[in-house]
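For reference, start-v2.cif is printed below; it contains mmCIF, C-alpha atoms.
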```
data_entry
loop_
_atom_site.group_PDB
_atom_site.id
_atom_site.type_symbol
_atom_site.label_atom_id
_atom_site.label_comp_id
_atom_site.auth_asym_id
_atom_site.auth_seq_id
_atom_site.Cartn_x
_atom_site.Cartn_y
_atom_site.Cartn_z
ATOM 1 C CA MET A 17 80.748 39.629 -30.051
ATOM 2 C CA ARG A 18 79.644 38.959 -33.608
ATOM 3 C CA ILE A 19 76.239 37.242 -34.043
ATOM 4 C CA ALA A 20 75.737 35.175 -37.176
ATOM 5 C CA THR A 21 72.913 36.042 -39.545
ATOM 6 C CA SER A 22 71.540 32.498 -39.166
ATOM 7 C CA THR A 23 71.243 33.023 -35.398
ATOM 8 C CA ILE A 24 69.311 36.237 -35.918
ATOM 9 C CA HIS A 25 66.975 34.427 -38.309
ATOM 10 C CA GLN A 26 66.429 31.543 -35.851
ATOM 11 C CA ARG A 27 65.669 33.897 -32.983
ATOM 12 C CA ALA A 28 63.127 35.690 -35.122
ATOM 13 C CA ILE A 29 61.493 32.386 -36.093
ATOM 14 C CA ASP A 30 61.427 31.268 -32.439
ATOM 15 C CA ALA A 31 59.757 34.532 -31.468
ATOM 16 C CA ILE A 32 57.115 34.044 -34.172
ATOM 17 C CA ASN A 33 56.452 30.459 -33.064
ATOM 18 C CA ASP A 34 56.179 31.534 -29.435
ATOM 19 C CA ARG A 35 53.685 34.302 -30.265
ATOM 20 C CA GLN A 36 51.663 31.919 -32.406
ATOM 21 C CA ALA A 37 51.559 29.328 -29.593
ATOM 22 C CA ARG A 38 50.510 31.932 -27.038
ATOM 23 C CA MET A 39 47.838 33.300 -29.352
ATOM 24 C CA ALA A 40 46.559 29.778 -30.083
ATOM 25 C CA ARG A 41 46.393 29.129 -26.346
ATOM 26 C CA SER A 42 44.305 32.250 -25.750
ATOM 27 C CA GLN A 43 42.105 31.325 -28.705
ATOM 28 C CA GLN A 44 41.507 27.846 -27.215
ATOM 29 C CA GLU A 45 40.540 29.362 -23.882
ATOM 30 C CA LEU A 46 38.047 31.634 -25.627
ATOM 31 C CA SER A 47 36.548 28.834 -27.739
ATOM 32 C CA THR A 48 36.349 26.211 -24.950
ATOM 33 C CA GLY A 49 35.720 28.536 -22.037
ATOM 34 C CA GLN A 50 38.349 26.675 -20.009
ATOM 35 C CA ARG A 51 41.791 27.588 -18.796
ATOM 36 C CA LEU A 52 42.781 24.021 -17.837
ATOM 37 C CA LEU A 53 43.164 22.471 -21.244
ATOM 38 C CA GLU A 54 45.690 19.875 -20.095
ATOM 39 C CA PRO A 55 46.468 18.511 -16.598
ATOM 40 C CA SER A 56 49.991 19.850 -17.006
ATOM 41 C CA ASP A 57 48.632 23.407 -17.198
ATOM 42 C CA ASP A 58 48.086 23.318 -13.422
ATOM 43 C CA PRO A 59 48.508 19.843 -11.866
ATOM 44 C CA GLY A 60 47.177 20.901 -8.467
ATOM 45 C CA ALA A 61 44.047 22.507 -9.866
ATOM 46 C CA ALA A 62 43.553 19.589 -12.256
ATOM 47 C CA ALA A 63 43.610 17.109 -9.355
ATOM 48 C CA GLN A 64 41.109 19.173 -7.373
ATOM 49 C CA ALA A 65 38.870 19.479 -10.438
ATOM 50 C CA GLU A 66 38.892 15.710 -10.921
ATOM 51 C CA ARG A 67 37.814 15.156 -7.312
ATOM 52 C CA LEU A 68 35.045 17.722 -7.717
ATOM 53 C CA ARG A 69 33.828 16.044 -10.908
ATOM 54 C CA ALA A 70 33.697 12.708 -9.048
ATOM 55 C CA GLN A 71 31.639 14.348 -6.305
ATOM 56 C CA ALA A 72 29.325 15.882 -8.893
ATOM 57 C CA SER A 73 28.856 12.479 -10.583
ATOM 58 C CA ARG A 74 27.996 10.846 -7.270
ATOM 59 C CA LEU A 75 25.574 13.649 -6.484
ATOM 60 C CA ALA A 76 23.925 13.300 -9.897
ATOM 61 C CA LEU A 77 23.554 9.532 -9.398
ATOM 62 C CA ALA A 78 21.982 10.066 -5.968
ATOM 63 C CA GLN A 79 19.593 12.601 -7.466
ATOM 64 C CA ARG A 80 18.521 10.164 -10.198
ATOM 65 C CA MET A 81 17.820 7.564 -7.513
ATOM 66 C CA ASN A 82 15.849 10.125 -5.517
ATOM 67 C CA ASP A 83 13.833 11.061 -8.591
ATOM 68 C CA PHE A 84 13.088 7.393 -9.289
ATOM 69 C CA ALA A 85 12.010 6.794 -5.694
ATOM 70 C CA ARG A 86 9.843 9.918 -5.790
ATOM 71 C CA GLY A 87 8.081 8.666 -8.898
ATOM 72 C CA MET A 88 7.424 5.255 -7.357
ATOM 73 C CA LEU A 89 6.296 6.668 -4.003
ATOM 74 C CA GLY A 90 4.051 9.224 -5.660
ATOM 75 C CA HIS A 91 2.497 6.531 -7.844
ATOM 76 C CA ALA A 92 1.933 4.285 -4.827
ATOM 77 C CA GLU A 93 0.439 7.130 -2.789
ATOM 78 C CA SER A 94 -1.977 7.980 -5.593
ATOM 79 C CA THR A 95 -2.984 4.317 -5.909
ATOM 80 C CA LEU A 96 -3.597 4.026 -2.174
ATOM 81 C CA ALA A 97 -5.765 7.133 -2.334
ATOM 82 C CA GLN A 98 -7.887 5.440 -5.008
ATOM 83 C CA ALA A 99 -8.040 2.270 -2.922
ATOM 84 C CA GLY A 100 -9.218 4.301 0.060
ATOM 85 C CA GLU A 101 -11.997 5.850 -2.029
ATOM 86 C CA LEU A 102 -13.126 2.387 -3.138
ATOM 87 C CA LEU A 103 -13.196 1.192 0.463
ATOM 88 C CA GLN A 104 -15.216 4.224 1.514
ATOM 89 C CA SER A 105 -17.719 3.488 -1.251
ATOM 90 C CA LEU A 106 -17.890 -0.161 -0.166
ATOM 91 C CA ARG A 107 -18.492 0.902 3.419
ATOM 92 C CA GLU A 108 -21.418 3.067 2.361
ATOM 93 C CA ARG A 109 -22.883 0.194 0.355
ATOM 94 C CA PHE A 110 -22.605 -2.141 3.355
ATOM 95 C CA LEU A 111 -24.469 0.389 5.475
ATOM 96 C CA GLU A 112 -27.079 0.769 2.750
ATOM 97 C CA ALA A 113 -27.536 -3.014 2.673
ATOM 98 C CA GLY A 114 -28.503 -2.865 6.343
ATOM 99 C CA LYS A 115 -31.635 -0.825 5.691
ATOM 100 C CA GLY A 116 -34.709 -2.751 6.738
ATOM 101 C CA THR A 117 -36.618 -1.719 3.627
ATOM 102 C CA LEU A 118 -34.313 -3.649 1.287
ATOM 103 C CA GLY A 119 -35.288 -7.040 -0.023
ATOM 104 C CA ALA A 120 -33.089 -9.911 -1.172
ATOM 105 C CA SER A 121 -33.049 -8.673 -4.778
ATOM 106 C CA ASP A 122 -31.980 -5.191 -3.644
ATOM 107 C CA ARG A 123 -29.136 -6.628 -1.602
ATOM 108 C CA SER A 124 -28.124 -8.788 -4.553
ATOM 109 C CA SER A 125 -27.898 -5.680 -6.752
ATOM 110 C CA LEU A 126 -25.772 -3.977 -4.117
ATOM 111 C CA ALA A 127 -23.595 -7.077 -3.886
ATOM 112 C CA SER A 128 -22.979 -6.957 -7.664
ATOM 113 C CA ALA A 129 -21.843 -3.324 -7.428
ATOM 114 C CA MET A 130 -19.681 -4.169 -4.416
ATOM 115 C CA GLN A 131 -18.129 -7.101 -6.259
ATOM 116 C CA ALA A 132 -17.121 -4.759 -9.096
ATOM 117 C CA GLU A 133 -15.466 -2.399 -6.613
ATOM 118 C CA ARG A 134 -13.729 -5.297 -4.903
ATOM 119 C CA ASP A 135 -12.366 -6.416 -8.294
ATOM 120 C CA GLU A 136 -11.141 -2.875 -8.968
ATOM 121 C CA LEU A 137 -9.396 -2.951 -5.590
ATOM 122 C CA LEU A 138 -7.570 -6.127 -6.671
ATOM 123 C CA ARG A 139 -6.568 -4.427 -9.923
ATOM 124 C CA LEU A 140 -5.059 -1.569 -7.921
ATOM 125 C CA ALA A 141 -3.206 -4.037 -5.693
ATOM 126 C CA ASN A 142 -1.647 -5.522 -8.858
ATOM 127 C CA ARG A 143 -0.864 -2.181 -10.490
ATOM 128 C CA ALA A 144 2.402 -2.071 -12.454
ATOM 129 C CA ASP A 145 4.982 0.529 -11.507
ATOM 130 C CA GLY A 146 5.932 1.440 -15.074
ATOM 131 C CA ALA A 147 9.461 0.081 -14.639
ATOM 132 C CA GLY A 148 8.833 -3.629 -15.104
ATOM 133 C CA GLY A 149 7.653 -4.318 -11.562
ATOM 134 C CA HIS A 150 4.606 -3.790 -9.368
ATOM 135 C CA LEU A 151 3.914 -1.081 -6.821
ATOM 136 C CA PHE A 152 2.926 -3.631 -4.170
ATOM 137 C CA GLY A 153 5.203 -6.433 -5.350
ATOM 138 C CA GLY A 154 7.406 -6.533 -2.256
ATOM 139 C CA LEU A 155 10.902 -7.693 -3.072
ATOM 140 C CA GLY A 156 9.832 -8.471 -6.602
ATOM 141 C CA THR A 157 7.808 -10.983 -8.548
ATOM 142 C CA ALA A 158 7.731 -11.946 -12.212
ATOM 143 C CA SER A 159 3.931 -11.922 -12.217
ATOM 144 C CA ALA A 160 1.273 -9.905 -10.403
ATOM 145 C CA PRO A 161 1.717 -10.060 -6.610
ATOM 146 C CA PHE A 162 -1.896 -11.201 -6.102
ATOM 147 C CA SER A 163 -3.499 -14.103 -7.931
ATOM 148 C CA ALA A 164 -6.936 -13.945 -9.561
ATOM 149 C CA ALA A 165 -8.286 -15.326 -6.293
ATOM 150 C CA ALA A 166 -6.485 -12.515 -4.395
ATOM 151 C CA ALA A 167 -3.910 -14.859 -2.848
ATOM 152 C CA TRP A 168 -0.524 -13.278 -2.086
ATOM 153 C CA GLN A 169 2.185 -14.728 -4.333
ATOM 154 C CA GLY A 170 4.962 -12.199 -3.921
ATOM 155 C CA ILE A 171 7.975 -11.953 -1.621
ATOM 156 C CA GLY A 172 7.473 -9.814 1.458
ATOM 157 C CA GLY A 173 9.606 -6.715 1.947
ATOM 158 C CA GLU A 174 10.426 -3.542 0.045
ATOM 159 C CA GLN A 175 12.849 -2.825 -2.775
ATOM 160 C CA GLN A 176 15.011 0.207 -2.039
ATOM 161 C CA VAL A 177 17.431 2.565 -3.765
ATOM 162 C CA GLY A 178 19.863 5.143 -2.408
ATOM 163 C CA LEU A 179 23.591 5.560 -1.877
ATOM 164 C CA ASP A 180 23.354 6.354 1.822
ATOM 165 C CA ALA A 181 19.861 5.796 3.214
ATOM 166 C CA GLY A 182 17.597 3.501 1.202
ATOM 167 C CA LEU A 183 14.245 4.712 -0.054
ATOM 168 C CA PRO A 184 11.501 2.231 -0.985
ATOM 169 C CA THR A 185 10.560 1.849 -4.615
ATOM 170 C CA SER A 186 7.962 -0.858 -3.948
ATOM 171 C CA LEU A 187 5.650 -1.683 -1.046
ATOM 172 C CA ASP A 188 4.923 -4.964 0.672
ATOM 173 C CA GLY A 189 1.450 -5.832 -0.662
ATOM 174 C CA ARG A 190 1.046 -8.484 2.003
ATOM 175 C CA GLU A 191 1.381 -5.832 4.701
ATOM 176 C CA VAL A 192 -0.966 -3.411 2.936
ATOM 177 C CA PHE A 193 -3.792 -5.755 1.888
ATOM 178 C CA MET A 194 -3.351 -9.012 3.806
ATOM 179 C CA SER A 195 -2.978 -7.772 7.396
ATOM 180 C CA VAL A 196 -5.971 -5.493 7.787
ATOM 181 C CA PRO A 197 -6.966 -4.967 11.442
ATOM 182 C CA THR A 198 -10.542 -5.952 12.292
ATOM 183 C CA ALA A 199 -12.509 -6.641 15.476
ATOM 184 C CA SER A 200 -11.564 -10.318 15.228
ATOM 185 C CA GLY A 201 -7.917 -9.693 14.386
ATOM 186 C CA PRO A 202 -5.885 -9.038 11.235
ATOM 187 C CA GLY A 203 -6.929 -10.684 8.005
ATOM 188 C CA SER A 204 -6.926 -10.509 4.244
ATOM 189 C CA LEU A 205 -8.951 -7.544 3.053
ATOM 190 C CA PHE A 206 -10.080 -9.476 -0.012
ATOM 191 C CA ASP A 207 -11.147 -12.569 1.950
ATOM 192 C CA LEU A 208 -13.123 -10.438 4.389
ATOM 193 C CA LEU A 209 -14.882 -8.568 1.601
ATOM 194 C CA ASP A 210 -15.540 -11.736 -0.398
ATOM 195 C CA ALA A 211 -17.179 -13.458 2.565
ATOM 196 C CA ALA A 212 -19.446 -10.507 3.360
ATOM 197 C CA ILE A 213 -20.405 -9.836 -0.265
ATOM 198 C CA ALA A 214 -21.205 -13.520 -0.866
ATOM 199 C CA ILE A 215 -23.771 -13.529 1.943
ATOM 200 C CA LEU A 216 -25.413 -10.331 0.675
ATOM 201 C CA ALA A 217 -25.663 -11.903 -2.790
ATOM 202 C CA ASP A 218 -27.309 -15.060 -1.373
ATOM 203 C CA PRO A 219 -31.117 -14.698 -1.430
ATOM 204 C CA SER A 220 -31.464 -17.569 1.047
ATOM 205 C CA ALA A 221 -29.281 -15.913 3.710
ATOM 206 C CA SER A 222 -31.016 -15.345 7.034
ATOM 207 C CA SER A 223 -31.451 -11.946 8.627
ATOM 208 C CA ALA A 224 -28.837 -12.848 11.240
ATOM 209 C CA GLN A 225 -26.363 -13.858 8.551
ATOM 210 C CA VAL A 226 -27.005 -10.637 6.659
ATOM 211 C CA ARG A 227 -26.533 -8.583 9.826
ATOM 212 C CA THR A 228 -23.258 -10.356 10.600
ATOM 213 C CA ALA A 229 -22.052 -9.901 6.990
ATOM 214 C CA ILE A 230 -22.794 -6.170 7.126
ATOM 215 C CA ASP A 231 -20.966 -5.782 10.436
ATOM 216 C CA ASP A 232 -18.019 -7.772 9.100
ATOM 217 C CA GLY A 233 -17.996 -5.745 5.878
ATOM 218 C CA VAL A 234 -18.003 -2.424 7.716
ATOM 219 C CA SER A 235 -15.270 -3.671 10.033
ATOM 220 C CA ALA A 236 -13.186 -4.813 7.050
ATOM 221 C CA THR A 237 -13.566 -1.531 5.179
ATOM 222 C CA ASP A 238 -12.792 0.482 8.327
ATOM 223 C CA GLY A 239 -9.656 -1.577 8.910
ATOM 224 C CA GLY A 240 -8.678 -1.224 5.252
ATOM 225 C CA ILE A 241 -9.171 2.536 5.295
ATOM 226 C CA ASP A 242 -7.072 2.832 8.464
ATOM 227 C CA ARG A 243 -4.317 0.728 6.898
ATOM 228 C CA MET A 244 -4.329 2.810 3.694
ATOM 229 C CA LEU A 245 -4.107 6.028 5.700
ATOM 230 C CA ALA A 246 -1.232 4.676 7.812
ATOM 231 C CA VAL A 247 0.759 3.644 4.727
ATOM 232 C CA ARG A 248 -0.007 6.939 2.971
ATOM 233 C CA THR A 249 1.231 8.817 6.052
ATOM 234 C CA ARG A 250 4.492 6.887 5.917
ATOM 235 C CA LEU A 251 4.839 7.608 2.210
ATOM 236 C CA GLY A 252 4.205 11.291 2.879
ATOM 237 C CA GLU A 253 7.047 11.332 5.401
ATOM 238 C CA GLN A 254 9.373 9.696 2.890
ATOM 239 C CA LEU A 255 8.371 12.170 0.174
ATOM 240 C CA LYS A 256 9.094 14.984 2.618
ATOM 241 C CA LEU A 257 12.504 13.445 3.266
ATOM 242 C CA LEU A 258 13.104 13.476 -0.478
ATOM 243 C CA ASP A 259 12.253 17.183 -0.578
ATOM 244 C CA GLY A 260 14.985 17.784 1.982
ATOM 245 C CA ARG A 261 17.443 15.700 -0.038
ATOM 246 C CA ASP A 262 16.579 17.631 -3.169
ATOM 247 C CA ALA A 263 17.312 20.923 -1.418
ATOM 248 C CA PHE A 264 20.618 19.567 -0.113
ATOM 249 C CA SER A 265 21.578 18.226 -3.557
ATOM 250 C CA GLU A 266 20.800 21.554 -5.163
ATOM 251 C CA ASP A 267 22.937 23.487 -2.667
ATOM 252 C CA ALA A 268 25.763 20.962 -2.867
ATOM 253 C CA GLY A 269 25.615 20.954 -6.663
ATOM 254 C CA LEU A 270 25.835 24.740 -6.825
ATOM 255 C CA ALA A 271 28.799 24.743 -4.434
ATOM 256 C CA ILE A 272 30.635 22.090 -6.468
ATOM 257 C CA ALA A 273 29.881 23.880 -9.741
ATOM 258 C CA GLY A 274 31.151 27.169 -8.336
ATOM 259 C CA ARG A 275 34.361 25.653 -7.041
ATOM 260 C CA LEU A 276 34.928 23.739 -10.285
ATOM 261 C CA SER A 277 34.344 26.877 -12.324
ATOM 262 C CA SER A 278 36.935 28.784 -10.316
ATOM 263 C CA LEU A 279 39.470 26.048 -11.062
ATOM 264 C CA VAL A 280 38.932 25.331 -14.742
ATOM 265 C CA ASP A 281 36.911 28.111 -16.356
ATOM 266 C CA ALA A 282 38.686 30.760 -18.351
ATOM 267 C CA ASP A 283 38.565 34.453 -17.519
ATOM 268 C CA TYR A 284 37.064 35.657 -20.801
ATOM 269 C CA ALA A 285 38.176 39.252 -20.349
ATOM 270 C CA LYS A 286 41.765 38.195 -19.610
ATOM 271 C CA SER A 287 41.834 35.624 -22.429
ATOM 272 C CA ALA A 288 40.494 38.175 -24.919
ATOM 273 C CA SER A 289 43.063 40.734 -23.785
ATOM 274 C CA ASP A 290 45.886 38.161 -24.032
ATOM 275 C CA PHE A 291 44.726 37.132 -27.497
ATOM 276 C CA ALA A 292 44.738 40.723 -28.728
ATOM 277 C CA GLN A 293 48.150 41.368 -27.185
ATOM 278 C CA GLN A 294 49.695 38.220 -28.684
ATOM 279 C CA ARG A 295 48.240 39.047 -32.080
ATOM 280 C CA THR A 296 49.874 42.481 -31.934
ATOM 281 C CA LEU A 297 53.192 40.999 -30.835
ATOM 282 C CA LEU A 298 52.974 38.327 -33.551
ATOM 283 C CA GLN A 299 52.443 41.003 -36.182
ATOM 284 C CA ALA A 300 55.479 42.883 -34.880
ATOM 285 C CA ALA A 301 57.551 39.679 -34.923
ATOM 286 C CA LEU A 302 56.500 38.952 -38.506
ATOM 287 C CA GLU A 303 57.421 42.465 -39.612
ATOM 288 C CA SER A 304 60.764 42.164 -37.817
ATOM 289 C CA TYR A 305 61.461 38.853 -39.516
ATOM 290 C CA ALA A 306 60.575 40.341 -42.879
ATOM 291 C CA SER A 307 63.081 43.137 -42.286
ATOM 292 C CA ILE A 308 65.776 40.662 -41.272
ATOM 293 C CA GLY A 309 65.053 38.585 -44.333
ATOM 294 C CA ARG A 310 65.800 41.498 -46.641
ATOM 295 C CA LEU A 311 69.232 42.099 -45.161
ATOM 296 C CA SER A 312 72.304 41.142 -47.262
ATOM 297 C CA LEU A 313 75.936 42.164 -47.718
ATOM 298 C CA PHE A 314 74.954 44.365 -50.646
ATOM 299 C CA ASP A 315 72.992 46.602 -48.236
ATOM 300 C CA TYR A 316 76.334 47.732 -46.794
ATOM 301 C CA LEU A 317 78.245 48.269 -50.116
#
```
Starting from the coordinates I provided, produce the structure as structure tokens.
Amino acid sequence: MRIATSTIHQRAIDAINDRQARMARSQQELSTGQRLLEPSDDPGAAAQAERLRAQASRLALAQRMNDFARGMLGHAESTLAQAGELLQSLRERFLEAGKGTLGASDRSSLASAMQAERDELLRLANRADGAGGHLFGGLGTASAPFSAAAAWQGIGGEQQVGLDAGLPTSLDGREVFMSVPTASGPGSLFDLLDAAIAILADPSASSAQVRTAIDDGVSATDGGIDRMLAVRTRLGEQLKLLDGRDAFSEDAGLAIAGRLSSLVDADYAKSASDFAQQRTLLQAALESYASIGRLSLFDYL
């Protein structure tokens, strides 16, 4: 069978184009580090990779929520620790006010120092969370959760984040500061302190009134300290839960990354070998085409 010269030329050109395409493919794999450059390269693997990427995105979102909750909980825990220290200092001042050697002016000086600590406690109760809200703002409030007179003006409850199990990102200030257990029942920590401090600051208060104010002040600070410790314990448990979630997310993320890599990442050694082989074959095809191009009828005369 006689083969036309044009057919020989076309086959040579096709071979060159094929080698160039194969070499370009290997070069892309080396430059991108991926073997799945198009879904059509391996539809099954591409579909699995897409599902894995969706899982990785969900995992990353959950981790961002966990990190946000951790920041809020850690900030709240630190603030409660400061509040507990203030209450301990107030308790010691109440006990000091009960010393029989103190006169009205001494108690008034103590009351001034106690008032400053009480005001600092209110500042902590209204502390911002750094994200446009307040640590003890409950379900949210446009202004501080406690008024200047320490009246609760927020919405009770806790804001939460999380895809599966919600984690609090704010605390219910009413529960923390307005329901402090005392000998006479729960009450507002600020109201209890204000009443006791006011009597100590009053030079005309009787000994019985002073004694009652000191007892009430100690009871209020004890109840406040217990409440702070209880809330801090709960926060500690939630932070521990976050540690477990972080460990799970890390393991799950590594597993997803490993599986995804096996599906889409290029084998550098194989891609480099293929590139070198196709370059050699392309050179041979070019030389063959050059030889064919020089052929003519005069070569046979």
Need to verify the contact set: A:Asp238, 12 Å, all atoms listed in the file, exclusion of same-chain residues closer than 2 positions in sequence. Can you return it as a list in words? Gly100, Glu101, Leu102, Leu103, Gln104, Ser105, Leu106, Arg107, Glu108, Phe110, Val196, Pro197, Thr198, Ala199, Leu205, Leu208, Leu209, Asp231, Asp232, Gly233, Val234, Ser235, Ala236, Gly240, Ile241, Asp242, Arg243, Met244 and Leu245 of chain A
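Coordinates place atom CA of A:Ser277 at a distance of 27.8 Å from atom CA of A:Leu258.
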Which value, in Å to one decimal, gives the distance between atom CA of A:Leu137 and atom CA of A:Glu112? 19.9 Å
If we count only C-alpha atoms, what is near stretch 247-256 of chain A at a cut-off of 7 Å, once residues fewer than 5 positions away on the same chain are taken out, given as a ChimeraX atom specification? /A:86,89,93,96
Kindly save the residues from that selection, with C-alpha atoms included, as a short mmCIF file (atom, residue, chain, number, x, y, z; two decimals), in the coordinates of the input.
```
data_model
loop_
_atom_site.label_atom_id
_atom_site.label_comp_id
_atom_site.auth_asym_id
_atom_site.auth_seq_id
_atom_site.Cartn_x
_atom_site.Cartn_y
_atom_site.Cartn_z
CA ARG A 86 9.84 9.92 -5.79
CA LEU A 89 6.30 6.67 -4.00
CA GLU A 93 0.44 7.13 -2.79
CA LEU A 96 -3.60 4.03 -2.17
#
```
Apply the PyMOL selection byres ((chain A and resi 79) around 10) to the structure shown and report the selected residues as a PyMOL selection string. chain A and resi 73-78+80-85+178-179+258+261-262+265-266
Which is closer to A:Gly154 than all the others in A:Leu187, A:Ala273, A:Ala99, A:Leu126, using all atoms listed in the file? A:Leu187
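You will find atom CA of A:Ser278 at 11.5 Å from atom CA of A:Ala62.
Closest approach to A:Gly146 among A:Ser220, A:Ser186, A:Gln64, A:Gln176 is made by A:Ser186 (distances from all atoms listed in the file).
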Put a box with edges along x, y and z around all the listed atoms of stretch 58-76 of chain A, pad it by 3 Å on each side, then give me its centre and sizes in Å, one decimal, as lines of an AutoDock Vina configuration file.
```
center_x = 36.2
center_y = 17.1
center_z = -9.9
size_x = 30.6
size_y = 18.5
size_z = 13.1
```
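All protein and nucleic acid residues in the vicinity of (30.3, 16.1, -8.1), that is within 10 Å when counting all atoms listed in the file, are Ala65, Glu66, Arg67, Leu68, Arg69, Ala70, Gln71, Ala72, Ser73, Arg74, Leu75, Ala76, Leu77, Ala268, Gly269, Leu270, Ala271, Ile272, Ala273 and Leu276 of chain A.
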Which is closer to A:Ala147 than all the others in A:His91, A:Asp207, A:Asp267, A:Ile230, using only C-alpha atoms? A:His91
Distance query A:Pro161 at most 10 Å, all atoms listed in the file, self and fewer than 4 positions along chain excluded, as a short mmCIF file (atom, residue, chain, number, x, y, z; two decimals) with C-alpha atoms, in the coordinates of the input:
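So the final result, stored in around.cif, reads:
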```cif
data_model
loop_
_atom_site.label_atom_id
_atom_site.label_comp_id
_atom_site.auth_asym_id
_atom_site.auth_seq_id
_atom_site.Cartn_x
_atom_site.Cartn_y
_atom_site.Cartn_z
CA ALA A 141 -3.21 -4.04 -5.69
CA ASN A 142 -1.65 -5.52 -8.86
CA ARG A 143 -0.86 -2.18 -10.49
CA ALA A 144 2.40 -2.07 -12.45
CA GLY A 149 7.65 -4.32 -11.56
CA HIS A 150 4.61 -3.79 -9.37
CA LEU A 151 3.91 -1.08 -6.82
CA PHE A 152 2.93 -3.63 -4.17
CA GLY A 153 5.20 -6.43 -5.35
CA GLY A 154 7.41 -6.53 -2.26
CA GLY A 156 9.83 -8.47 -6.60
CA THR A 157 7.81 -10.98 -8.55
CA ALA A 166 -6.48 -12.52 -4.39
CA ALA A 167 -3.91 -14.86 -2.85
CA TRP A 168 -0.52 -13.28 -2.09
CA GLN A 169 2.18 -14.73 -4.33
CA GLY A 170 4.96 -12.20 -3.92
CA ILE A 171 7.98 -11.95 -1.62
CA GLY A 172 7.47 -9.81 1.46
CA ASP A 188 4.92 -4.96 0.67
CA GLY A 189 1.45 -5.83 -0.66
CA ARG A 190 1.05 -8.48 2.00
#
```
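Each of A:Ala127, A:Leu183, A:Leu155, A:Ala132 was checked against A:Leu257 using all atoms listed in the file; the smallest atom-to-atom distance is that of A:Leu183.
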